[in-house]
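Undergrad: Below is one structure. I have some questions about it.
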2 protein chains.
Amino acid sequence: MNKFSSPAVGTVAVTDKYFAPRIAANHTATIPASLKFSRDTGRIEAFKLKWKKGMPKEPHIFWDSDVAKVVEGMAYDIVLNPGDRKLAKELDKIVALIVSAQQPDGYLNTHFTVVEPENRFKWLNSHHELYCCGHLIEAAVAHFEATGKRDFLDCMCRYADYLASVFGRGKGQKRGYPGHEEIELALVKLASVTGEKRYFKLAQYFIEERGRKPNYYVKNEGAHEGWLSNIQAEATVRERKEAVGHSVRMMYLACGMADVASLTDDAELLDRCRDIFRSVSQKRMFITGGIGSTRHGEAFEHDYKLDNLDAYAESCAAMGLVWFAQRMHNITGDGAYVDVLERALYNGVIAGISLSGDGFFYRNPLRSSVDSAFERERVKWFGCSCCPTNFCRFLPQIGSFAWSEGEGEVRLNIPLASEYRSGGRAIKVSGGYPYKGDVSVSFLEGGEFTFSFRVPGWCRNFSVRVGGKPFFAMPESGYVRITRKWRKGEKIAISLDMPVEVMRANPAVEADAGRVAIQRGPLVYALESVDNGPLLQNVRIDADAPMRVVKAKDLPEGTLAISGSAVERTVASDALYTTEKPRLRKRAFTAIPYALWQNRGPAEMQVWSLEA
Amino acid sequence: MNKFSSPAVGTVAVTDKYFAPRIAANHTATIPASLKFSRDTGRIEAFKLKWKKGMPKEPHIFWDSDVAKVVEGMAYDIVLNPGDRKLAKELDKIVALIVSAQQPDGYLNTHFTVVEPENRFKWLNSHHELYCCGHLIEAAVAHFEATGKRDFLDCMCRYADYLASVFGRGKGQKRGYPGHEEIELALVKLASVTGEKRYFKLAQYFIEERGRKPNYYVKNEGAHEGWLSNIQAEATVRERKEAVGHSVRMMYLACGMADVASLTDDAELLDRCRDIFRSVSQKRMFITGGIGSTRHGEAFEHDYKLDNLDAYAESCAAMGLVWFAQRMHNITGDGAYVDVLERALYNGVIAGISLSGDGFFYRNPLRSSVDSAFERERVKWFGCSCCPTNFCRFLPQIGSFAWSEGEGEVRLNIPLASEYRSGGRAIKVSGGYPYKGDVSVSFLEGGEFTFSFRVPGWCRNFSVRVGGKPFFAMPESGYVRITRKWRKGEKIAISLDMPVEVMRANPAVEADAGRVAIQRGPLVYALESVDNGPLLQNVRIDADAPMRVVKAKDLPEGTLAISGSAVERTVASDALYTTEKPRLRKRAFTAIPYALWQNRGPAEMQVWSLEA
């Protein structure tokens with residue numbers, strides 16, 4: 001069983017300068033934009049089931065998932081913005097439309113109902129059918145929790161009941177499972193909110209059946225053996241020790257595995273989750289928390305293969321890592337998982353969305369130059385628009401990542417400015433995190449319980465004052481725990497040393513050989529041509545020279561940049577290859593938080609710079 | 001008109017230690033292996049035209065070209081090995097088989113005759129039909145020149161006559177041209193050897209028609225606009241200022257353009273050849289002379305995009321650059337073209353074949369590591385086996401690259417040990433080139449003419465003694481010219497300074513930023529894990545420390561390696577990212593000639609190393 005749980009959306013109000021504006025923009029820009037594009041492209045209309053062959057806007061196999069994710073985001077968003085009656089009404093309208101698309105037997109999928117009804121559950125390996133269902137379930141759960149209305153939830157229960165009749169090891173049942181994982185974690189949520197164990201059992205079946213021999217996809221769908229590892233079906237979850245294949249799929253599967261492992265106290269399965277987490281975070285993760293290093297299959301590559309320019313690092317994959325790490329922390333209580341969660345959250349995820357809230361990166365490379373093969377500017381929408389719609393539902397959850405709840409314990413995972421209110425407890429955190437390490441915790445209500453806070457893995461020195469007096473504490477598993485009867489108005493002052501750190505990669509990472517990255521607190525920094533001019537590959541950072549923390553130019557108030565010394569080779573000839581002895585010119589450099597790059601126009605960008 | 005021409009195969013006997021063993025191995029290993037594979041795969045049998053639907057070994061669209069290239073190589077090879085009667089017989093037998101496959105109208109193509117006769121000349125853009133014809137013509141010319149027998153030559157004249165009736169701007173004619181260039185340069189050869197201008201005119205038509213609007217391929221073959229630049233059909237040759245698309249195609253087209261420009265004294269077309277050459281050699285060529293940096297379309301990329309690990313640098317493309325540079329030198333007499341020819345010849349081409357003569361690289365990256373996406377070992381044959389068969393015909397030509405003949409002039413382009421004999425002139429070059437810069441030239445026959453030799457672009461100091469006395473000379477266009485009545489036995493001693501050079505790339509080449517390569521004379525050097533251990537990315541070369549020329553280990557006698565000082569970062573932790581301050585350990589490194597890598601077992605390899 002979990003040691004901790006994450007507070008429901010609405011329990012935590014985020015008030016910092018880094019995320020709060022993003023959460024606000026989700027309400028004013030991200031969700032409205034995703035709604036508009038979902039409408040314009042026919043994704044919402046699709047639920048009317050009126051499409052006929054030859055008509056435009058043929059419902060695509062993943063369209064339902066996009067709408068579901070926006071709906072899930074809207075449900076969270078009306079909790080954070082209870083005054084927005086218009087949005088609440090719109091939400092209910094879309095929900096009613098979705099519910100109306102349910103077939104008599106419980107089935108619900110726009111593509112397979114109108115485009116190819118004869119192929120229901122025929123191409124599980126590639127056609128996202130159960131994946132769409134999973135997102136609809138997550139949306140239904142969020143809608144129920146936000147509104148108390150059961151229509152969508154009941155609808156999805158009917159669908160899940162139908163699935164339980166179709167899939168399983170019983171006579172006449174299909175021994176299949178989803179090609180794109182997602183429904184596993186969704187069914188666990190459905191079981192939890194309804195109390196119905198049969199949904200959990202279906203989740204368990206999907207997870208345990210995965211990858212068994214003879215392979216279902218090969219046998220029944222003619223799938224190519226080479227495709228199996230991309231969808232984590234080349235082995236069972238019990239055999240899995242590494243993160244392989246499509247990175248979003250891998251993370252969603254790992255989330256489901258962690259859920260099942262926790263709820264069944266399955267130590268072996270939990271060890272496999274640990275293996276996967278270690279494989280990701282110690283061998284296959286960019287310093288930004290981005291994962292899935294190659295565009296070929298949007299997939300993990302072998303250990304230490306982490307090309308900066310070609311990096312795929314899909315926004316959704318970084319979100320998946322956050323969700324996986326959140327679960328692993330809640331199961332184990334270990335702050336090491338939050339170290340990774342924080343890295344992905346502050347860097348790899350947030351880089352995927354513009355400050356304005358309506359521009360998106362699908363992939364998040366760590367180097368952008370004239371050589372970039374892909375997008376250098378965030379765009380408004382994608383044909384495969386998983387990332388924008390994922391932001392709709394991800395952003396409102398940020399407060400839930402920052403805090404956890406345990407038995408007699410409230411814990412602050414990430415000390416961002418926020419207010420936690422639940423069960424008579426009310427705690428306010430203020431300070432300038434992630435730019436400043438001084439954090440003040442105020443108990444707005446009194447009460448006896450354990451308050452714990454994480455000392456981030458990046459922090460080498462910290463001090464604590466409780467009620468103005470020095471408090472000496474050893475973090476355990478990354479957390480300082482203080483148990484007492486808190487007086488209303490009592491304060492804890494936490495001071496985390498936050499120097500500029502020069503980071504280097506493992507020598508096995510060829511892409512980063514001879515290079516350094518700059519990090520301060522949880523933020524990974526990057527050079528952008530806006531501040532440094534072009535041809536960033538020639539900027540060689542003097543890692544031994546002092547670096548200064550300065551105000552960032554043309555970025556949100558409070559954003560801190562880092563400046564320091566570098567050298568650059570100057571050349572006389574424009575020859576392609578030369579024997580000319582290099583002259584090195586001293587120059588300055590300025591780095592901004594990686595996540596904020598390309599918010600000041602198209603730019604070259606570089607996380608790993610050569611070392612002088 | 002050309003200022004120079006290249007001596008026919010047989011005029012020059014190569015006797016050096018670098019190429020002579022390769023030319024010998026062509027006779028004993030490369031040609032026999034290519035013959036064997038051509039036979040085993042059905043390529044030769046295909047000319048019997050007995051294949052029927054459903055049978056194995058369906059003749060492929062490019063098979064004829066493979067056989068043609070082996071035949072061309074065999075023709076050269078019997079000139080170099082006049083004693084090998086068996087090979088000469090085999091050659092005549094294959095030639096007879098090829099000739100027997102000619103159709104009554106003159107057409108000759110195994111694939112289109114038996115597999116899809118209804119599609120003759122229907123898919124010019126993609127189906128290699130005229131490309132195959134081009135190679136057959138080259139083979140026929142070589143066979144005629146080697147044996148004096150006209151059967152194959154006459155056969156190809158009939159085919160060319162048929163083509164001239166099909167293609168052209170006349171009424172009822174197709175306005176098409178080859179999707180893979182090659183036939184242009186071949187038709188020029190055919191015209192030259194037969195004296196028939198009409199073949200030259202057909203070459204000219206193919207070259208000038210290329211890329212005209214409306215585009216033939218788009219209009220008649222439904223070709224995609226995006227495909228056109230890969231086959232150099234997005235613009236006419238008059239509009240072309242850069243090397244684009246498939247690199248082998250680009251080089252073969254450029255060869256044809258240069259031939260036509262020279263024979264018609266077309267200054268404009270020659271300027272376009274200069275533009276293409278400049279684009280290749282100053283912006284889009286690896287230091288090895290490898291070209292075509294991406295596997296996507298085996299193509300040129302934008303300026304300065306030269307990734308070492310992902311480099312495509314096909315062996316055939318480097319050969320194409322040699323042939324193009326050979327033509328540009330012969331037209332202009334400028335040694336700058338031979339500088340590039342020499343770079344490609346000694347490095348990028350020869351890397352493509354094993355010392356044993358029967359192992360081949362298709363692509364020639366400048367870095368090989370665990371991250372290599374492609375082959376790390378030379379293989380015996382390829383499905384698309386253009387490279388092995390190209391070596392069959394390329395290797396015997398090496399002497400013809402090293403020497404040129406002009407009006408009253410014999411010139412030594414590359415001072416490799418060799419003997420030139422033609423028209424009563426006989427000149428012997430000895431010395432240890434490319435490992436040693438001391439070259440001795442002996443006139444085996446007396447006579448009055450200009451002897452010229454190139455002072456390589458890499459050479460900054462040289463001295464000459466004629467008949468034992470210092471001779472002071474300024475090279476013009478890279479050549480020292482000495483005109484006199486040579487006495488039999490007279491000698492010239494040339495001494496070319498050949499220090500170890502540390503090379504750096506243009507700052508715009510991101511892949512080489514902060515890196516150095518080592519060159520000595522014409523040879524580019526590379527680190528191999530055999531000498532240096534694995535993880536070569538961490539070896540940082542001390543470019544200021546002295547480097548020594550030493551004997552190479554387990555490579556042919558006389559091969560010189562370079563050793564020097566380097567540093568390497570040592571780390572205590574195995575973390576993926578660390579704040580650990582780097583400790584640098586001093587170490588040595590050894591570099592061997594790049595072209596010889598992977599002749600001592602599978603190995604990591606690196607041309608561009610980090611600079612300490």
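FYI, nothing fancy with the structure tokens labels: chains A, B, ... in order, residues from 1 per chain, ligands from 1 as they appear.
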With 8 Å as the limit and counting only C-alpha atoms, what residues in chain A lie close to chain B? Please list them as number ranges by chain.
TA: A: 281-283, 287, 305, 371, 501-508, 510, 513-514, 535, 537-538, 569, 571, 574-580, 610
Undergrad: If we count only C-alpha atoms and set the cut-off at 8 Å, which residues sit around region 315-322 of chain B, ignoring sequence neighbours fewer than 6 positions away in its own chain? Please answer as a list in words.
TA: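 That gives Ser247, Val248, Met251, Tyr252, Gly289, Gly290, Ile291, Gly292, Val340, Leu341, Glu342, Ala344, Leu345, Gly348, Val349, Ile350, Ala351, Gly352, Phe361, Tyr362, Arg363, Asn364, Cys386, Cys387, Asn390 and Phe394 of chain B.
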Undergrad: In Å to one decimal, how far is CA of Tyr131 (chain B) from CA of Ser192 (chain B)?
TA: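 Going from CA of Ser192 (chain B) over to CA of Tyr131 (chain B) covers 19.1 Å.
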Undergrad: Extract, using only C-alpha atoms, all DNA, RNA and protein residues at most 9 Å from Gly478 (chain B), discarding same-chain residues fewer than 2 positions from it, and format them as number ranges by chain.
TA: B: 333-336, 453-457, 474-476, 480
Undergrad: Please produce an output containing C-alpha atoms for each residue in the selection, written as a PDB file, in the first residue's frame.
TA:
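Output file out_4.pdb follows:
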```pdb
ATOM      1  CA  GLY B 333      45.462  22.420 -65.052  1.00  0.00           C
ATOM      2  CA  ASP B 334      44.909  23.678 -61.521  1.00  0.00           C
ATOM      3  CA  GLY B 335      46.506  21.664 -58.726  1.00  0.00           C
ATOM      4  CA  ALA B 336      43.828  22.805 -56.263  1.00  0.00           C
ATOM      5  CA  PHE B 453      54.944  18.039 -60.635  1.00  0.00           C
ATOM      6  CA  ARG B 454      52.427  19.199 -58.129  1.00  0.00           C
ATOM      7  CA  VAL B 455      53.379  20.751 -54.825  1.00  0.00           C
ATOM      8  CA  PRO B 456      50.503  19.522 -52.681  1.00  0.00           C
ATOM      9  CA  GLY B 457      48.321  22.109 -50.962  1.00  0.00           C
ATOM     10  CA  MET B 474      57.673  28.922 -57.851  1.00  0.00           C
ATOM     11  CA  PRO B 475      54.731  26.643 -58.345  1.00  0.00           C
ATOM     12  CA  GLU B 476      52.076  28.020 -60.675  1.00  0.00           C
ATOM     13  CA  VAL B 480      56.419  23.293 -60.758  1.00  0.00           C
TER      14      VAL B 480
END
```
Undergrad: Choose the residue, out of B:Cys133, B:Ala552, B:Leu395, B:Leu560, that has the smallest atom-to-atom separation from Lys436 (chain B); count only C-alpha atoms.
TA: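 Of B:Cys133, B:Ala552, B:Leu395, B:Leu560, the one nearest Lys436 (chain B), counting only C-alpha atoms, is B:Leu560.
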Undergrad: Excluding same-chain residues fewer than 5 positions from Lys485 (chain B), what lies within 10 Å of it counting only C-alpha atoms, as a list in words?
TA: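 Listed by chain and then number, they are Gly446, Gly447, Glu448, Phe449 and Thr450 of chain B.
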Undergrad: Env of region 169-176 of chain A: 12 Å cut, atoms = only C-alpha atoms, seq-sep filter 4 positions within chain, self excluded. Answer as a PyMOL selection string.
TA: chain A and resi 120-125+129-130+162-165+201-202+205-221+233
Undergrad: Region 274-310 of chain B: which residues are helix (DSSP H, G or I) by DSSP, as a CSV table (one decimal) with N, CA and C atoms, in the first residue's frame?
TA:
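out-v6.csv, freshly written:
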```csv
chain,number,residue,atom,x,y,z
B,274,ARG,N,32.6,24.7,-61.6
B,274,ARG,CA,33.4,25.3,-60.5
B,274,ARG,C,32.6,25.6,-59.3
B,275,ASP,N,31.4,26.1,-59.5
B,275,ASP,CA,30.5,26.4,-58.4
B,275,ASP,C,30.2,25.1,-57.6
B,276,ILE,N,29.9,24.0,-58.3
B,276,ILE,CA,29.6,22.8,-57.6
B,276,ILE,C,30.8,22.3,-56.9
B,277,PHE,N,32.0,22.4,-57.5
B,277,PHE,CA,33.2,21.9,-56.9
B,277,PHE,C,33.5,22.7,-55.6
B,278,ARG,N,33.3,24.0,-55.7
B,278,ARG,CA,33.5,24.8,-54.5
B,278,ARG,C,32.5,24.5,-53.4
B,279,SER,N,31.3,24.3,-53.8
B,279,SER,CA,30.2,24.0,-52.8
B,279,SER,C,30.6,22.7,-52.1
B,280,VAL,N,31.1,21.7,-52.8
B,280,VAL,CA,31.4,20.4,-52.2
B,280,VAL,C,32.7,20.6,-51.3
B,281,SER,N,33.7,21.1,-51.9
B,281,SER,CA,35.0,21.1,-51.2
B,281,SER,C,35.2,22.1,-50.1
B,282,GLN,N,34.4,23.2,-50.2
B,282,GLN,CA,34.6,24.2,-49.2
B,282,GLN,C,33.5,24.3,-48.2
B,283,LYS,N,32.4,23.5,-48.4
B,283,LYS,CA,31.2,23.6,-47.5
B,283,LYS,C,30.7,22.3,-47.1
```
Undergrad: Contacts of Ile492 (chain A) at 7 Å or less, counting only C-alpha atoms, minus same-chain residues fewer than 6 places along, as a ChimeraX atom specification?
TA: /A:440-442,465-467
Undergrad: Mind dumping the selected residues with C-alpha atoms as a compact mmCIF listing (two decimals), in the first residue's frame?
TA:
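Written file, part.txt:
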```
# COMPACT_ATOMS: atom_id res chain seq x y z
CA SER A 440 9.00 30.27 4.69
CA VAL A 441 6.36 27.83 5.90
CA SER A 442 3.46 29.22 7.94
CA ARG A 465 14.68 27.53 11.85
CA VAL A 466 11.49 26.56 13.58
CA GLY A 467 9.76 29.38 15.39
```
Undergrad: Which neighbours of His60 (chain B) fall inside 12 Å, counting only C-alpha atoms, when residues of the same chain fewer than 4 positions from it are skipped, and could you give them as a list in words?
TA: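 Final neighbour list, sorted by chain and number: Thr41, Gly42, Arg43, Ile44, Ala46, Phe47, Trp51, Pro56, Asp64, Ser65, Asp66, Val67, Asn109, Thr110, His111, Phe112, Thr113, Val114, Val115, Glu116, His127, His128, Glu129, Cys132, Gly383, Cys384 and Ser385 of chain B.
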Undergrad: Using the selection just defined, write its residues with N, CA and C atoms as a PDB file, in the first residue's frame.
TA:
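For reference, result.pdb as written:
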```pdb
ATOM      1  N   THR B  41      24.290 -14.432 -56.950  1.00  0.00           N
ATOM      2  CA  THR B  41      23.029 -13.714 -56.751  1.00  0.00           C
ATOM      3  C   THR B  41      22.174 -13.730 -58.005  1.00  0.00           C
ATOM      4  N   GLY B  42      22.731 -14.226 -59.127  1.00  0.00           N
ATOM      5  CA  GLY B  42      21.941 -14.303 -60.354  1.00  0.00           C
ATOM      6  C   GLY B  42      22.149 -13.128 -61.292  1.00  0.00           C
ATOM      7  N   ARG B  43      23.043 -12.208 -60.924  1.00  0.00           N
ATOM      8  CA  ARG B  43      23.241 -11.009 -61.741  1.00  0.00           C
ATOM      9  C   ARG B  43      23.753 -11.337 -63.151  1.00  0.00           C
ATOM     10  N   ILE B  44      24.660 -12.321 -63.243  1.00  0.00           N
ATOM     11  CA  ILE B  44      25.228 -12.643 -64.564  1.00  0.00           C
ATOM     12  C   ILE B  44      24.253 -13.498 -65.369  1.00  0.00           C
ATOM     13  N   ALA B  46      21.284 -13.429 -65.257  1.00  0.00           N
ATOM     14  CA  ALA B  46      20.143 -12.608 -65.689  1.00  0.00           C
ATOM     15  C   ALA B  46      20.217 -12.270 -67.175  1.00  0.00           C
ATOM     16  N   PHE B  47      21.429 -12.151 -67.690  1.00  0.00           N
ATOM     17  CA  PHE B  47      21.577 -11.774 -69.103  1.00  0.00           C
ATOM     18  C   PHE B  47      21.114 -12.888 -70.053  1.00  0.00           C
ATOM     19  N   TRP B  51      14.558 -15.599 -66.924  1.00  0.00           N
ATOM     20  CA  TRP B  51      13.726 -15.467 -65.723  1.00  0.00           C
ATOM     21  C   TRP B  51      12.252 -15.328 -66.097  1.00  0.00           C
ATOM     22  N   PRO B  56      12.935 -17.604 -58.505  1.00  0.00           N
ATOM     23  CA  PRO B  56      13.790 -16.808 -57.601  1.00  0.00           C
ATOM     24  C   PRO B  56      14.742 -15.922 -58.417  1.00  0.00           C
ATOM     25  N   ASP B  64      22.269  -4.837 -63.781  1.00  0.00           N
ATOM     26  CA  ASP B  64      23.127  -4.696 -64.975  1.00  0.00           C
ATOM     27  C   ASP B  64      24.336  -3.808 -64.689  1.00  0.00           C
ATOM     28  N   SER B  65      24.096  -2.782 -63.873  1.00  0.00           N
ATOM     29  CA  SER B  65      25.193  -1.843 -63.598  1.00  0.00           C
ATOM     30  C   SER B  65      26.304  -2.531 -62.806  1.00  0.00           C
ATOM     31  N   ASP B  66      25.911  -3.410 -61.873  1.00  0.00           N
ATOM     32  CA  ASP B  66      26.933  -4.112 -61.082  1.00  0.00           C
ATOM     33  C   ASP B  66      27.821  -4.962 -61.990  1.00  0.00           C
ATOM     34  N   VAL B  67      27.179  -5.713 -62.859  1.00  0.00           N
ATOM     35  CA  VAL B  67      27.951  -6.567 -63.770  1.00  0.00           C
ATOM     36  C   VAL B  67      28.825  -5.705 -64.679  1.00  0.00           C
ATOM     37  N   ASN B 109      18.528  -4.477 -71.350  1.00  0.00           N
ATOM     38  CA  ASN B 109      18.335  -4.297 -69.917  1.00  0.00           C
ATOM     39  C   ASN B 109      17.651  -5.554 -69.398  1.00  0.00           C
ATOM     40  N   THR B 110      18.291  -6.260 -68.483  1.00  0.00           N
ATOM     41  CA  THR B 110      17.724  -7.549 -68.060  1.00  0.00           C
ATOM     42  C   THR B 110      16.402  -7.365 -67.325  1.00  0.00           C
ATOM     43  N   HIS B 111      16.356  -6.401 -66.408  1.00  0.00           N
ATOM     44  CA  HIS B 111      15.133  -6.235 -65.625  1.00  0.00           C
ATOM     45  C   HIS B 111      13.939  -5.902 -66.510  1.00  0.00           C
ATOM     46  N   PHE B 112      14.075  -4.890 -67.332  1.00  0.00           N
ATOM     47  CA  PHE B 112      12.926  -4.440 -68.105  1.00  0.00           C
ATOM     48  C   PHE B 112      12.590  -5.366 -69.275  1.00  0.00           C
ATOM     49  N   THR B 113      13.523  -6.217 -69.643  1.00  0.00           N
ATOM     50  CA  THR B 113      13.213  -7.169 -70.710  1.00  0.00           C
ATOM     51  C   THR B 113      12.390  -8.345 -70.189  1.00  0.00           C
ATOM     52  N   VAL B 114      12.722  -8.807 -68.966  1.00  0.00           N
ATOM     53  CA  VAL B 114      11.988 -10.005 -68.495  1.00  0.00           C
ATOM     54  C   VAL B 114      10.972  -9.725 -67.391  1.00  0.00           C
ATOM     55  N   VAL B 115      11.178  -8.688 -66.570  1.00  0.00           N
ATOM     56  CA  VAL B 115      10.294  -8.480 -65.412  1.00  0.00           C
ATOM     57  C   VAL B 115       9.115  -7.573 -65.747  1.00  0.00           C
ATOM     58  N   GLU B 116       9.404  -6.440 -66.343  1.00  0.00           N
ATOM     59  CA  GLU B 116       8.294  -5.530 -66.658  1.00  0.00           C
ATOM     60  C   GLU B 116       8.529  -4.854 -68.015  1.00  0.00           C
ATOM     61  N   HIS B 127      14.133   4.324 -61.707  1.00  0.00           N
ATOM     62  CA  HIS B 127      14.371   2.910 -62.012  1.00  0.00           C
ATOM     63  C   HIS B 127      15.713   2.581 -62.678  1.00  0.00           C
ATOM     64  N   HIS B 128      16.653   3.511 -62.652  1.00  0.00           N
ATOM     65  CA  HIS B 128      18.056   3.224 -62.999  1.00  0.00           C
ATOM     66  C   HIS B 128      18.265   2.642 -64.398  1.00  0.00           C
ATOM     67  N   GLU B 129      17.319   2.834 -65.294  1.00  0.00           N
ATOM     68  CA  GLU B 129      17.397   2.174 -66.588  1.00  0.00           C
ATOM     69  C   GLU B 129      18.535   2.757 -67.445  1.00  0.00           C
ATOM     70  N   CYS B 132      22.008   2.081 -65.869  1.00  0.00           N
ATOM     71  CA  CYS B 132      22.561   0.774 -66.247  1.00  0.00           C
ATOM     72  C   CYS B 132      23.203   0.842 -67.633  1.00  0.00           C
ATOM     73  N   GLY B 383      23.221  -5.944 -50.775  1.00  0.00           N
ATOM     74  CA  GLY B 383      22.087  -6.108 -51.677  1.00  0.00           C
ATOM     75  C   GLY B 383      22.204  -5.103 -52.813  1.00  0.00           C
ATOM     76  N   CYS B 384      22.466  -3.853 -52.417  1.00  0.00           N
ATOM     77  CA  CYS B 384      22.763  -2.804 -53.394  1.00  0.00           C
ATOM     78  C   CYS B 384      24.275  -2.667 -53.408  1.00  0.00           C
ATOM     79  N   SER B 385      24.902  -3.403 -54.315  1.00  0.00           N
ATOM     80  CA  SER B 385      26.342  -3.605 -54.197  1.00  0.00           C
ATOM     81  C   SER B 385      27.155  -2.709 -55.115  1.00  0.00           C
TER      82      SER B 385
END
```
Undergrad: Take CA of Leu153 (chain A) and CA of Gln232 (chain A) and report the distance between them in Å, one decimal.
TA: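 Taking CA of Leu153 (chain A) and CA of Gln232 (chain A), their separation equals 29.2 Å.
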Undergrad: Run DSSP on the backbone and tell me which residues of region 382-421 of chain B come out as strand (DSSP E or B); list them as a list in words.
TA: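 Matching residues for strand (DSSP E or B) in region 382-421 of chain B are Trp403, Ser404, Glu405, Gly406, Glu409, Val410, Arg411, Leu412, Ser418, Glu419, Tyr420 and Arg421 of chain B.
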Undergrad: Restricting it to N, CA, C and O atoms, dump the selection as a PDB file, in the first residue's frame.
TA:
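Output contents, as saved in out27.pdb:
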```pdb
ATOM      1  N   TRP B 403      49.023  10.740 -62.732  1.00  0.00           N
ATOM      2  CA  TRP B 403      49.713  11.381 -63.850  1.00  0.00           C
ATOM      3  C   TRP B 403      48.728  12.027 -64.805  1.00  0.00           C
ATOM      4  O   TRP B 403      47.584  11.581 -64.927  1.00  0.00           O
ATOM      5  N   SER B 404      49.183  13.077 -65.500  1.00  0.00           N
ATOM      6  CA  SER B 404      48.392  13.634 -66.601  1.00  0.00           C
ATOM      7  C   SER B 404      49.330  13.928 -67.775  1.00  0.00           C
ATOM      8  O   SER B 404      50.549  14.046 -67.594  1.00  0.00           O
ATOM      9  N   GLU B 405      48.719  14.029 -68.940  1.00  0.00           N
ATOM     10  CA  GLU B 405      49.502  14.323 -70.141  1.00  0.00           C
ATOM     11  C   GLU B 405      48.973  15.582 -70.785  1.00  0.00           C
ATOM     12  O   GLU B 405      47.751  15.739 -70.943  1.00  0.00           O
ATOM     13  N   GLY B 406      49.880  16.494 -71.114  1.00  0.00           N
ATOM     14  CA  GLY B 406      49.472  17.721 -71.792  1.00  0.00           C
ATOM     15  C   GLY B 406      50.285  17.907 -73.060  1.00  0.00           C
ATOM     16  O   GLY B 406      51.132  17.075 -73.406  1.00  0.00           O
ATOM     17  N   GLU B 409      53.919  17.989 -72.490  1.00  0.00           N
ATOM     18  CA  GLU B 409      54.115  17.991 -71.030  1.00  0.00           C
ATOM     19  C   GLU B 409      53.662  16.671 -70.410  1.00  0.00           C
ATOM     20  O   GLU B 409      52.635  16.105 -70.783  1.00  0.00           O
ATOM     21  N   VAL B 410      54.451  16.183 -69.491  1.00  0.00           N
ATOM     22  CA  VAL B 410      54.027  15.056 -68.651  1.00  0.00           C
ATOM     23  C   VAL B 410      53.990  15.572 -67.231  1.00  0.00           C
ATOM     24  O   VAL B 410      54.948  16.220 -66.783  1.00  0.00           O
ATOM     25  N   ARG B 411      52.882  15.332 -66.559  1.00  0.00           N
ATOM     26  CA  ARG B 411      52.836  15.873 -65.190  1.00  0.00           C
ATOM     27  C   ARG B 411      52.494  14.816 -64.159  1.00  0.00           C
ATOM     28  O   ARG B 411      51.687  13.929 -64.378  1.00  0.00           O
ATOM     29  N   LEU B 412      53.184  14.997 -63.065  1.00  0.00           N
ATOM     30  CA  LEU B 412      53.039  14.095 -61.939  1.00  0.00           C
ATOM     31  C   LEU B 412      52.118  14.794 -60.933  1.00  0.00           C
ATOM     32  O   LEU B 412      52.532  15.710 -60.238  1.00  0.00           O
ATOM     33  N   SER B 418      55.907   5.001 -58.935  1.00  0.00           N
ATOM     34  CA  SER B 418      55.226   4.494 -60.129  1.00  0.00           C
ATOM     35  C   SER B 418      56.131   4.674 -61.336  1.00  0.00           C
ATOM     36  O   SER B 418      57.158   5.350 -61.269  1.00  0.00           O
ATOM     37  N   GLU B 419      55.737   4.055 -62.421  1.00  0.00           N
ATOM     38  CA  GLU B 419      56.513   4.180 -63.635  1.00  0.00           C
ATOM     39  C   GLU B 419      55.572   4.545 -64.769  1.00  0.00           C
ATOM     40  O   GLU B 419      54.578   3.861 -65.007  1.00  0.00           O
ATOM     41  N   TYR B 420      55.908   5.648 -65.428  1.00  0.00           N
ATOM     42  CA  TYR B 420      55.086   6.126 -66.535  1.00  0.00           C
ATOM     43  C   TYR B 420      55.795   5.819 -67.845  1.00  0.00           C
ATOM     44  O   TYR B 420      56.969   6.123 -67.997  1.00  0.00           O
ATOM     45  N   ARG B 421      55.084   5.203 -68.775  1.00  0.00           N
ATOM     46  CA  ARG B 421      55.674   4.896 -70.086  1.00  0.00           C
ATOM     47  C   ARG B 421      54.661   5.169 -71.172  1.00  0.00           C
ATOM     48  O   ARG B 421      53.593   4.564 -71.201  1.00  0.00           O
TER      49      ARG B 421
END
```
Undergrad: Suppose you want the space between CA of Ala299 (chain B) and CA of His180 (chain B); what is it in Å?
TA: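 Computing the Euclidean distance for CA of Ala299 (chain B) and CA of His180 (chain B) yields 13.0 Å.
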